[in-house]
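In what follows, a structure is listed as structure tokens, so that the remarks can point back to it.
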Amino acid sequence: MTEDSSLVSLLLPRKTDRGLDGIAFSTFVDGGVAVPVSAVDQLLVALIRHLIDRMPRRVTVIQLPRARHRIALTHAICMHLLRLQQPLVAGPVVFAALDVDLTDQVRQLQMRNYRNLALHRDNPLSAQRLTRSGQLVPVVGTTFRSGDSSLVYLNTRVGNPALPQGNPPLVIIDAASITNADSRARMLAWASTHSAVSTVVVGDIGDESLVKAVTATGSAPLVLPVTDTEVKELVYELNKQKPEPSPLSSMWMLWRDKHPPLNIYRAGGTEINAAIARAFDCLGARPDGLMPQTLDYPTKLLYSGTRLAAAVNHYRRACALAVRPGEGPTTLLRVLNGLTFTSTGPWHAWGVARWGELKVAVETLWRNLDETNPKLDLLWELLARAERADCGRILVRCHSTAAAVATAQSLRSETRTNAQIALWARISARVEIDTFTKRYPPRHAGIQILTGNPPPRHFSLLFSGEADENWLLAYDVEDIILRHQLRRWHDTTDVWRRNMYRVLGAAEPSSVAGPVLATEIHHTPPDLPELHLPQLSILDVLNSGDTVIDLSSIVGEASSDWHDLETTSNCVPILLDNGQTWWVPNENDQYGELATPVLVVTGSHRHLPLRDIRPGDAIVVPAGDGTDSAHARLVALSHTNDDVASLDAILGQFRRAARSVLETHTTQRLAIAAVRDAGAQAAGELKMWASGHTIAPRVPGDITAVFRAAQQPAPDLLLLQRVAGRLRSLHRSLGYFVKVLASGHAEDALEKLRRLVGDGADELVDEFLVVTVISVGNATDVPTRLAGLIQ
């Protein structure tokens, strides 16, 4: 093959290839839906085989348009089938992912090739799960086969178990499900420790942090973003078929001519844009190194304020009802107003010169938003434009769950104009409002409206396959930053693709096409006199400030952004008997509820607040990825059961009544008092009932009291109580879970847990450990990426 060959003709030459031909003629049947192996799958399987054969031990990053898919699993299965026919890999094919239920996938999967094959009968793939203890367990059936000839599923929630001794594996990492930077680094280290013959990481186009994670391991990755160039050639050479609604299918990529076009719409007047620019100017001048905790307040406010497309009063209310505290602007502004900045060295000089100016800029931003939010006004205009465009479904994405709730409330509020009320009546059925984080199936929406610049960890939204077109609401600074980011993406992507093509011996590819024309990306930014650092260009200032803001520990969650090393969260270190430290977030206990509840299994299991944990306590902690509690994981598993999910929906009317009480009182204390006056015994649980964080009260009178306080007619209380009792059985499942975990061999309890949550019970038990507390340290500021994790 000459160097003038294209990538497709190099990897998929027009000649007989028994292994690849068998893959190409295969069709998966996923729950009754036929999923042909697409030209994209054939190309990437051929690429992986080529790299194993010619460049072993390399790490390869494959970038696909963002969507809700399981294409990495498709490639893992295809590589496993290929290695069964050819002497490609002597060890297992390992599929590493977070919460990809391989058991469920295999049970509903069939394969049509030269014969029909039901993958759940006798487990022909030898699909096995790697347990926390390092054992291989068949995902279906009980027949054990050699680990070297198996397809092995490693759920990152179980930690870093070692493979049973055998030959080096091929490791395929699903970075679309593993989004935490530390978790990705740990899986890359795991692959290296096991001397993987090749490591393939499947992620999103635009996810630069994924490449940085590989580079940090000391490896120079090969990167292939599957762009319109590759897609057009694949369609020309191999054609395309109708895309099917299965997450295993990649056929939808062949129907995309290019990335969805991006339209940027400017928001705000002179005063609010000047305030935002001044704030970025201050943050752009910050010294290098760990950011003081004090800066967490203005950066959170700037992060949320610039991305908010809702009335501020609705946002405050949504934040007050949020399960996780820390996002509400009222408290943050109050604390910011009383803060003074004290530090040493370069930070002291920065504080003297910039702290006061930063505070004034942030307060000015929120004062303007309180009067009228220009992004909410612009959102109404874009919804009207979308209606005229007859675009189908409209997806509005916000920066947090609370912001999404607030935006929905603002679009339904009583303060709307008559024209807005009429518009909403016409289009509300077509509008979905959610967060940057949630993934949707390919081509889920006609138009996707982003309420602000997606942070670096969600930059892939601009290249996603979830919508046909993207509209973005931007203040002047956001517009400048976005164009700068897109220009950098163009440059780095072209470098990655040229390098990949050169290494493979293919002809140099044409320059990549992005969501915005190159002429528009280099559009001259508006003059912003508020940005006046003498030694930095305007784009350097904006990029520096944007990096700080996107590091903020917004909504109390550890961000998956690559640069999280710079931000801090207040945590309590608990030293465990296995030599590890659990960094437990030190949450406030404002209303006398359990702050940071910890599951203690000394004696009988119970939840205790962090402040009551003592040395010698046996507690339940995550074994690997995730900071969810054991109960939260049980609820998540149970809600895959349609019966439980429908029962939970019935409780929605009770939760709405509880929320109504909170919304109609000026403070939470007054709302609790109203429910108590109405006859409730456990009125202090009102916020938890409203959020759905806990189940309805045990005492029927408390249910009646909530509806009475909300001035709403009570529904069928007997039915409501019966539903609550059914869901409360989840608490009993927690008891079975703790018994299994603590004893290690209580098969009767495990069987009862299986009946409640299905076969996922076995995997769930692997996700947690019982450990003994050695010591409880003092609260300290640590990098946000550590909050809730064990190291």
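The way I read the labels, and the way they are meant: chains A, B, ... in the order of the structure tokens, residue 1 as the first residue of every chain, and ligand 1 as the first ligand shown, with later ones counted on from there.
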
Check which residues of range 179-281 of chain A sit at most 8 Å from range 478-494 of chain A using only C-alpha atoms, and return one row each with the closest pair of atoms and their distance in Å to one decimal, ordered by chain and rising number, as JSON lines.
```
{"residue": "A:Gly206", "atom": "CA", "partner": "A:Trp489", "partner_atom": "CA", "distance": 7.1}
{"residue": "A:Pro225", "atom": "CA", "partner": "A:Thr493", "partner_atom": "CA", "distance": 7.4}
{"residue": "A:Ile264", "atom": "CA", "partner": "A:Asp479", "partner_atom": "CA", "distance": 7.3}
{"residue": "A:Arg266", "atom": "CA", "partner": "A:Asp479", "partner_atom": "CA", "distance": 7.5}
```

Within 6 Å of range 139-158 of chain A: each range 24-96 of chain A residue with its shortest pair, only C-alpha atoms, as a Markdown table:
```
| residue | atom | partner | partner_atom | distance |
| --- | --- | --- | --- | --- |
| A:Gly91 | CA | A:Asp148 | CA | 4.2 |
| A:Pro92 | CA | A:Asp148 | CA | 4.5 |
| A:Val93 | CA | A:Leu151 | CA | 5.0 |
| A:Val94 | CA | A:Val152 | CA | 4.7 |
| A:Phe95 | CA | A:Tyr153 | CA | 5.0 |
| A:Ala96 | CA | A:Leu154 | CA | 4.7 |
```

*asked:* Let me make sure I understand: among A:Gly624, A:Gly505, A:Pro247, A:Gly760, which one has the smallest atom-to-atom distance to Val8 in chain A if we use only C-alpha atoms?
replied: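 Nearest candidate to Val8 in chain A out of A:Gly624, A:Gly505, A:Pro247, A:Gly760: A:Gly505.
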
Each residue of range 380-465 of chain A with at least one atom at most 9 Å from range 308-316 of chain A should appear once, together with its nearest atom pair and the corresponding distance in Å (one decimal); atoms considered: only C-alpha atoms; ordering: chain, then increasing residue number; output as a Markdown table.
```
| residue | atom | partner | partner_atom | distance |
| --- | --- | --- | --- | --- |
| A:Cys398 | CA | A:Leu308 | CA | 7.3 |
| A:His399 | CA | A:Leu308 | CA | 7.5 |
| A:Ala402 | CA | A:Tyr315 | CA | 6.7 |
| A:Ala403 | CA | A:Tyr315 | CA | 6.1 |
| A:Ala404 | CA | A:Ala310 | CA | 8.4 |
| A:Val405 | CA | A:Tyr315 | CA | 7.7 |
| A:Ala406 | CA | A:Tyr315 | CA | 4.8 |
| A:Thr407 | CA | A:Ala310 | CA | 4.5 |
| A:Ala408 | CA | A:Ala310 | CA | 8.0 |
| A:Gln409 | CA | A:His314 | CA | 6.5 |
| A:Ser410 | CA | A:Ala310 | CA | 5.7 |
| A:Leu411 | CA | A:Ala310 | CA | 8.1 |
| A:Thr451 | CA | A:Ala309 | CA | 6.0 |
| A:Gly452 | CA | A:Leu308 | CA | 7.4 |
```

With C-alpha atoms retained, write the just-selected residues as a PDB file, in the first residue's frame.
```
ATOM      1  CA  CYS A 398     -28.389  24.192  31.754  1.00  0.00           C
ATOM      2  CA  HIS A 399     -25.288  24.125  33.968  1.00  0.00           C
ATOM      3  CA  ALA A 402     -31.172  23.394  40.027  1.00  0.00           C
ATOM      4  CA  ALA A 403     -30.665  25.714  37.048  1.00  0.00           C
ATOM      5  CA  ALA A 404     -32.709  23.358  34.842  1.00  0.00           C
ATOM      6  CA  VAL A 405     -35.537  23.293  37.406  1.00  0.00           C
ATOM      7  CA  ALA A 406     -35.438  27.086  37.644  1.00  0.00           C
ATOM      8  CA  THR A 407     -35.501  27.528  33.863  1.00  0.00           C
ATOM      9  CA  ALA A 408     -38.541  25.266  33.622  1.00  0.00           C
ATOM     10  CA  GLN A 409     -40.283  27.287  36.360  1.00  0.00           C
ATOM     11  CA  SER A 410     -39.484  30.586  34.609  1.00  0.00           C
ATOM     12  CA  LEU A 411     -40.942  29.301  31.339  1.00  0.00           C
ATOM     13  CA  THR A 451     -27.629  28.420  28.147  1.00  0.00           C
ATOM     14  CA  GLY A 452     -23.921  29.231  28.332  1.00  0.00           C
TER      15      GLY A 452
END
```

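Comparing A:Val61, A:Leu12, A:Ala118, A:Ile672 by their smallest distance to Val200 in chain A, the closest is A:Val61 (using only C-alpha atoms).
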
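Pairwise distance (CA of Val226 in chain A, CA of Ser9 in chain A) equals 15.4 Å.
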
*Can you work out the spacing between CA of Lys212 in chain A and CA of Met55 in chain A in Å, to one decimal?*
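Separation of CA of Lys212 in chain A and CA of Met55 in chain A: 20.7 Å.
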
Selection: 12 Å around Arg14 in chain A, only C-alpha atoms, excl. self and same-chain fewer than 6 positions, as a PDB file with N, CA, C and O atoms, in the first residue's frame:
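As a result, out39.pdb now contains:
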```pdb
ATOM      1  N   MET A   1       0.859  -1.195   0.000  1.00  0.00           N
ATOM      2  CA  MET A   1       0.000   0.000   0.000  1.00  0.00           C
ATOM      3  C   MET A   1       0.891   1.240   0.000  1.00  0.00           C
ATOM      4  O   MET A   1       1.823   1.339   0.796  1.00  0.00           O
ATOM      5  N   VAL A   8      -9.161   4.630   4.858  1.00  0.00           N
ATOM      6  CA  VAL A   8     -10.128   3.557   4.667  1.00  0.00           C
ATOM      7  C   VAL A   8      -9.563   2.474   3.762  1.00  0.00           C
ATOM      8  O   VAL A   8      -9.661   1.272   4.060  1.00  0.00           O
ATOM      9  N   LEU A  20     -12.165 -10.052   9.151  1.00  0.00           N
ATOM     10  CA  LEU A  20     -12.943  -8.819   9.007  1.00  0.00           C
ATOM     11  C   LEU A  20     -14.220  -9.047   8.216  1.00  0.00           C
ATOM     12  O   LEU A  20     -15.243  -8.409   8.484  1.00  0.00           O
ATOM     13  N   ASP A  21     -14.175  -9.977   7.231  1.00  0.00           N
ATOM     14  CA  ASP A  21     -15.397 -10.262   6.456  1.00  0.00           C
ATOM     15  C   ASP A  21     -16.465 -10.867   7.366  1.00  0.00           C
ATOM     16  O   ASP A  21     -17.659 -10.558   7.229  1.00  0.00           O
ATOM     17  N   GLU A 237     -17.263   4.119   0.073  1.00  0.00           N
ATOM     18  CA  GLU A 237     -16.673   2.807  -0.158  1.00  0.00           C
ATOM     19  C   GLU A 237     -17.599   1.658   0.252  1.00  0.00           C
ATOM     20  O   GLU A 237     -17.656   0.623  -0.408  1.00  0.00           O
ATOM     21  N   LEU A 238     -18.325   1.828   1.366  1.00  0.00           N
ATOM     22  CA  LEU A 238     -19.052   0.699   1.952  1.00  0.00           C
ATOM     23  C   LEU A 238     -20.551   0.932   2.089  1.00  0.00           C
ATOM     24  O   LEU A 238     -21.267   0.053   2.577  1.00  0.00           O
TER      25      LEU A 238
END
```

*What lies within 10 Å of Asp30 in chain A using only C-alpha atoms, ignoring chain neighbours under 5 positions off, as a ChimeraX atom specification?*
/A:35,105-111,244-249

Test item: residues at most 10 Å from range 658-664 of chain A, only C-alpha atoms, excluding those fewer than 4 positions along its chain, as a CSV table (one decimal) with all heavy atoms, in the first residue's frame:
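Final output, out_1.csv:
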```
chain,number,residue,atom,x,y,z
A,314,HIS,N,-36.6,32.1,41.0
A,314,HIS,CA,-36.8,30.7,40.7
A,314,HIS,C,-35.5,29.9,41.0
A,314,HIS,O,-35.6,28.8,41.5
A,314,HIS,CB,-37.3,30.5,39.3
A,314,HIS,CG,-38.6,31.1,39.0
A,314,HIS,ND1,-39.0,31.7,37.8
A,314,HIS,CD2,-39.7,31.2,39.8
A,314,HIS,CE1,-40.2,32.1,37.8
A,314,HIS,NE2,-40.7,31.9,39.0
A,317,ARG,N,-35.0,29.4,44.7
A,317,ARG,CA,-36.0,28.4,45.2
A,317,ARG,C,-35.5,27.0,44.8
A,317,ARG,O,-35.5,26.0,45.7
A,317,ARG,CB,-37.4,28.7,44.7
A,317,ARG,CG,-38.5,27.8,45.3
A,317,ARG,CD,-39.8,28.2,44.7
A,317,ARG,NE,-40.1,29.6,45.0
A,317,ARG,CZ,-41.0,30.3,44.3
A,317,ARG,NH1,-41.7,29.8,43.3
A,317,ARG,NH2,-41.2,31.6,44.7
A,318,ALA,N,-35.1,26.8,43.6
A,318,ALA,CA,-34.6,25.5,43.2
A,318,ALA,C,-33.4,25.1,43.9
A,318,ALA,O,-33.2,23.9,44.3
A,318,ALA,CB,-34.3,25.5,41.7
A,320,ALA,N,-32.6,25.9,47.0
A,320,ALA,CA,-33.0,25.6,48.3
A,320,ALA,C,-33.6,24.2,48.5
A,320,ALA,O,-33.5,23.6,49.5
A,320,ALA,CB,-34.1,26.6,48.8
A,321,LEU,N,-34.2,23.7,47.4
A,321,LEU,CA,-34.8,22.4,47.4
A,321,LEU,C,-33.8,21.3,46.9
A,321,LEU,O,-34.2,20.1,46.9
A,321,LEU,CB,-36.1,22.3,46.5
A,321,LEU,CG,-37.2,23.2,47.1
A,321,LEU,CD1,-38.4,23.1,46.1
A,321,LEU,CD2,-37.7,22.7,48.4
A,652,GLY,N,-45.2,11.0,43.6
A,652,GLY,CA,-44.9,12.3,43.1
A,652,GLY,C,-45.9,13.4,43.6
A,652,GLY,O,-45.5,14.5,43.9
A,653,GLN,N,-47.2,13.0,43.7
A,653,GLN,CA,-48.1,14.0,44.2
A,653,GLN,C,-47.8,14.4,45.6
A,653,GLN,O,-48.0,15.6,46.0
A,653,GLN,CB,-49.6,13.5,44.1
A,653,GLN,CG,-49.8,12.1,44.8
A,653,GLN,CD,-51.2,11.6,44.4
A,653,GLN,OE1,-52.2,12.3,44.5
A,653,GLN,NE2,-51.3,10.3,44.1
A,654,PHE,N,-47.4,13.5,46.4
A,654,PHE,CA,-47.0,13.8,47.8
A,654,PHE,C,-45.8,14.8,47.8
A,654,PHE,O,-45.7,15.8,48.5
A,654,PHE,CB,-46.7,12.6,48.6
A,654,PHE,CG,-46.1,12.9,50.0
A,654,PHE,CD1,-46.9,13.4,51.0
A,654,PHE,CD2,-44.8,12.6,50.2
A,654,PHE,CE1,-46.3,13.7,52.2
A,654,PHE,CE2,-44.2,12.9,51.4
A,654,PHE,CZ,-44.9,13.4,52.5
A,668,GLN,N,-37.4,28.0,55.3
A,668,GLN,CA,-37.6,26.5,55.5
A,668,GLN,C,-38.2,26.3,56.9
A,668,GLN,O,-39.0,25.4,57.1
A,668,GLN,CB,-36.3,25.7,55.3
A,668,GLN,CG,-36.6,24.2,55.4
A,668,GLN,CD,-35.4,23.5,54.9
A,668,GLN,OE1,-34.8,23.8,53.8
A,668,GLN,NE2,-35.0,22.4,55.6
A,669,ARG,N,-37.7,27.1,57.9
A,669,ARG,CA,-38.2,26.9,59.3
A,669,ARG,C,-39.6,27.2,59.4
A,669,ARG,O,-40.4,26.4,60.1
A,669,ARG,CB,-37.4,27.8,60.2
A,669,ARG,CG,-35.9,27.4,60.4
A,669,ARG,CD,-35.2,28.3,61.4
A,669,ARG,NE,-33.8,28.0,61.6
A,669,ARG,CZ,-33.3,27.0,62.3
A,669,ARG,NH1,-34.2,26.2,62.9
A,669,ARG,NH2,-32.0,26.8,62.3
A,670,LEU,N,-40.1,28.2,58.7
A,670,LEU,CA,-41.6,28.5,58.7
A,670,LEU,C,-42.4,27.4,58.0
A,670,LEU,O,-43.5,27.1,58.5
A,670,LEU,CB,-41.8,29.8,58.0
A,670,LEU,CG,-41.3,31.1,58.8
A,670,LEU,CD1,-41.6,32.3,57.9
A,670,LEU,CD2,-42.0,31.2,60.1
A,671,ALA,N,-41.8,26.8,57.0
A,671,ALA,CA,-42.5,25.7,56.3
A,671,ALA,C,-42.6,24.5,57.2
A,671,ALA,O,-43.7,23.9,57.3
A,671,ALA,CB,-41.8,25.4,55.0
A,672,ILE,N,-41.5,24.2,57.9
A,672,ILE,CA,-41.6,23.1,58.8
A,672,ILE,C,-42.6,23.3,59.9
A,672,ILE,O,-43.3,22.4,60.3
A,672,ILE,CB,-40.1,22.8,59.4
A,672,ILE,CG1,-39.2,22.3,58.2
A,672,ILE,CG2,-40.2,21.8,60.5
A,672,ILE,CD1,-37.8,22.2,58.6
A,674,ALA,N,-45.2,25.1,59.8
A,674,ALA,CA,-46.6,25.0,59.2
A,674,ALA,C,-47.0,23.5,59.2
A,674,ALA,O,-48.2,23.2,59.5
A,674,ALA,CB,-46.7,25.6,57.8
A,675,VAL,N,-46.1,22.6,58.8
A,675,VAL,CA,-46.5,21.2,58.7
A,675,VAL,C,-46.7,20.6,60.1
A,675,VAL,O,-47.5,19.8,60.3
A,675,VAL,CB,-45.4,20.4,57.9
A,675,VAL,CG1,-45.6,18.9,58.0
A,675,VAL,CG2,-45.3,20.9,56.5
A,685,GLU,N,-38.5,16.5,58.5
A,685,GLU,CA,-38.1,15.7,57.3
A,685,GLU,C,-38.7,16.3,56.0
A,685,GLU,O,-38.6,15.8,54.9
A,685,GLU,CB,-38.6,14.3,57.4
A,685,GLU,CG,-37.9,13.5,58.5
A,685,GLU,CD,-36.5,13.2,58.1
A,685,GLU,OE1,-36.2,12.8,56.9
A,685,GLU,OE2,-35.6,13.4,59.0
A,686,LEU,N,-39.4,17.5,56.1
A,686,LEU,CA,-40.1,18.1,55.0
A,686,LEU,C,-39.2,18.3,53.8
A,686,LEU,O,-39.6,17.9,52.7
A,686,LEU,CB,-40.7,19.4,55.4
A,686,LEU,CG,-41.5,20.2,54.3
A,686,LEU,CD1,-42.7,19.4,53.9
A,686,LEU,CD2,-41.9,21.6,54.8
A,687,LYS,N,-38.0,18.8,53.9
A,687,LYS,CA,-37.2,19.0,52.8
A,687,LYS,C,-36.8,17.7,52.1
A,687,LYS,O,-36.7,17.6,50.9
A,687,LYS,CB,-35.9,19.8,53.2
A,687,LYS,CG,-34.9,20.1,52.1
A,687,LYS,CD,-33.7,20.8,52.6
A,687,LYS,CE,-32.7,21.0,51.5
A,687,LYS,NZ,-31.5,21.7,51.9
A,688,MET,N,-36.6,16.7,52.9
A,688,MET,CA,-36.2,15.4,52.3
A,688,MET,C,-37.4,14.8,51.6
A,688,MET,O,-37.2,14.1,50.6
A,688,MET,CB,-35.7,14.4,53.5
A,688,MET,CG,-34.6,15.0,54.3
A,688,MET,SD,-33.1,15.4,53.4
A,688,MET,CE,-32.4,13.8,53.3
A,689,TRP,N,-38.6,14.9,52.1
A,689,TRP,CA,-39.8,14.4,51.4
A,689,TRP,C,-39.9,15.2,50.1
A,689,TRP,O,-40.3,14.6,49.1
A,689,TRP,CB,-41.0,14.6,52.2
A,689,TRP,CG,-41.1,13.9,53.5
A,689,TRP,CD1,-40.4,12.7,53.8
A,689,TRP,CD2,-41.8,14.2,54.7
A,689,TRP,NE1,-40.7,12.3,55.1
A,689,TRP,CE2,-41.6,13.2,55.7
A,689,TRP,CE3,-42.7,15.2,55.1
A,689,TRP,CZ2,-42.1,13.2,57.0
A,689,TRP,CZ3,-43.2,15.3,56.3
A,689,TRP,CH2,-43.0,14.3,57.3
A,690,ALA,N,-39.7,16.5,50.1
A,690,ALA,CA,-39.9,17.3,48.9
A,690,ALA,C,-39.0,16.9,47.8
A,690,ALA,O,-39.3,16.9,46.6
A,690,ALA,CB,-39.8,18.8,49.2
A,691,SER,N,-37.7,16.6,48.2
A,691,SER,CA,-36.7,16.3,47.2
A,691,SER,C,-36.8,14.9,46.7
A,691,SER,O,-36.2,14.5,45.7
A,691,SER,CB,-35.3,16.6,47.8
A,691,SER,OG,-35.1,15.6,48.8
A,692,GLY,N,-37.5,14.0,47.4
A,692,GLY,CA,-37.6,12.6,47.1
A,692,GLY,C,-36.4,11.9,47.6
A,692,GLY,O,-36.2,10.7,47.3
A,703,ILE,N,-48.6,12.4,56.4
A,703,ILE,CA,-49.0,12.6,55.0
A,703,ILE,C,-50.2,13.6,54.9
A,703,ILE,O,-50.1,14.5,54.1
A,703,ILE,CB,-49.3,11.2,54.3
A,703,ILE,CG1,-48.2,10.3,54.4
A,703,ILE,CG2,-49.8,11.4,52.9
A,703,ILE,CD1,-48.5,8.9,53.8
A,705,ALA,N,-51.0,15.8,57.0
A,705,ALA,CA,-50.5,17.1,57.5
A,705,ALA,C,-49.9,17.9,56.3
A,705,ALA,O,-50.1,19.1,56.2
A,705,ALA,CB,-49.6,17.0,58.7
A,706,VAL,N,-49.1,17.2,55.5
A,706,VAL,CA,-48.4,17.9,54.4
A,706,VAL,C,-49.4,18.4,53.4
A,706,VAL,O,-49.3,19.6,53.0
A,706,VAL,CB,-47.4,16.9,53.7
A,706,VAL,CG1,-46.9,17.5,52.4
A,706,VAL,CG2,-46.3,16.6,54.6
A,707,PHE,N,-50.4,17.6,53.0
A,707,PHE,CA,-51.5,18.1,52.1
A,707,PHE,C,-52.3,19.2,52.8
A,707,PHE,O,-52.7,20.2,52.1
A,707,PHE,CB,-52.4,17.0,51.7
A,707,PHE,CG,-51.7,16.1,50.7
A,707,PHE,CD1,-51.2,14.9,51.0
A,707,PHE,CD2,-51.7,16.5,49.3
A,707,PHE,CE1,-50.6,14.0,50.1
A,707,PHE,CE2,-51.1,15.6,48.4
A,707,PHE,CZ,-50.6,14.4,48.7
A,708,ARG,N,-52.5,19.1,54.1
A,708,ARG,CA,-53.3,20.2,54.8
A,708,ARG,C,-52.5,21.5,54.8
A,708,ARG,O,-53.0,22.6,54.5
A,708,ARG,CB,-53.6,19.7,56.2
A,708,ARG,CG,-54.5,20.7,56.9
A,708,ARG,CD,-54.8,20.2,58.3
A,708,ARG,NE,-55.5,18.9,58.3
A,708,ARG,CZ,-55.2,17.9,59.0
A,708,ARG,NH1,-54.1,17.9,59.8
A,708,ARG,NH2,-55.9,16.7,59.0
A,709,ALA,N,-51.2,21.4,55.0
A,709,ALA,CA,-50.4,22.6,55.0
A,709,ALA,C,-50.2,23.2,53.7
A,709,ALA,O,-50.1,24.4,53.5
A,709,ALA,CB,-49.0,22.3,55.6
A,710,ALA,N,-50.3,22.4,52.6
A,710,ALA,CA,-50.2,22.9,51.2
A,710,ALA,C,-51.6,23.4,50.8
A,710,ALA,O,-51.7,23.9,49.6
A,710,ALA,CB,-49.7,21.7,50.3
A,711,GLN,N,-52.6,23.2,51.6
A,711,GLN,CA,-54.0,23.6,51.2
A,711,GLN,C,-54.4,22.9,50.0
A,711,GLN,O,-55.0,23.5,49.1
A,711,GLN,CB,-54.1,25.1,51.1
A,711,GLN,CG,-53.8,25.9,52.4
A,711,GLN,CD,-53.9,27.4,52.2
A,711,GLN,OE1,-54.2,27.9,51.1
A,711,GLN,NE2,-53.7,28.1,53.3
A,712,GLN,N,-54.1,21.6,49.9
A,712,GLN,CA,-54.5,20.8,48.8
A,712,GLN,C,-55.3,19.6,49.3
A,712,GLN,O,-55.1,19.1,50.4
A,712,GLN,CB,-53.3,20.2,48.1
A,712,GLN,CG,-52.4,21.3,47.4
A,712,GLN,CD,-51.2,20.7,46.7
A,712,GLN,OE1,-51.1,19.5,46.6
A,712,GLN,NE2,-50.3,21.5,46.3
```
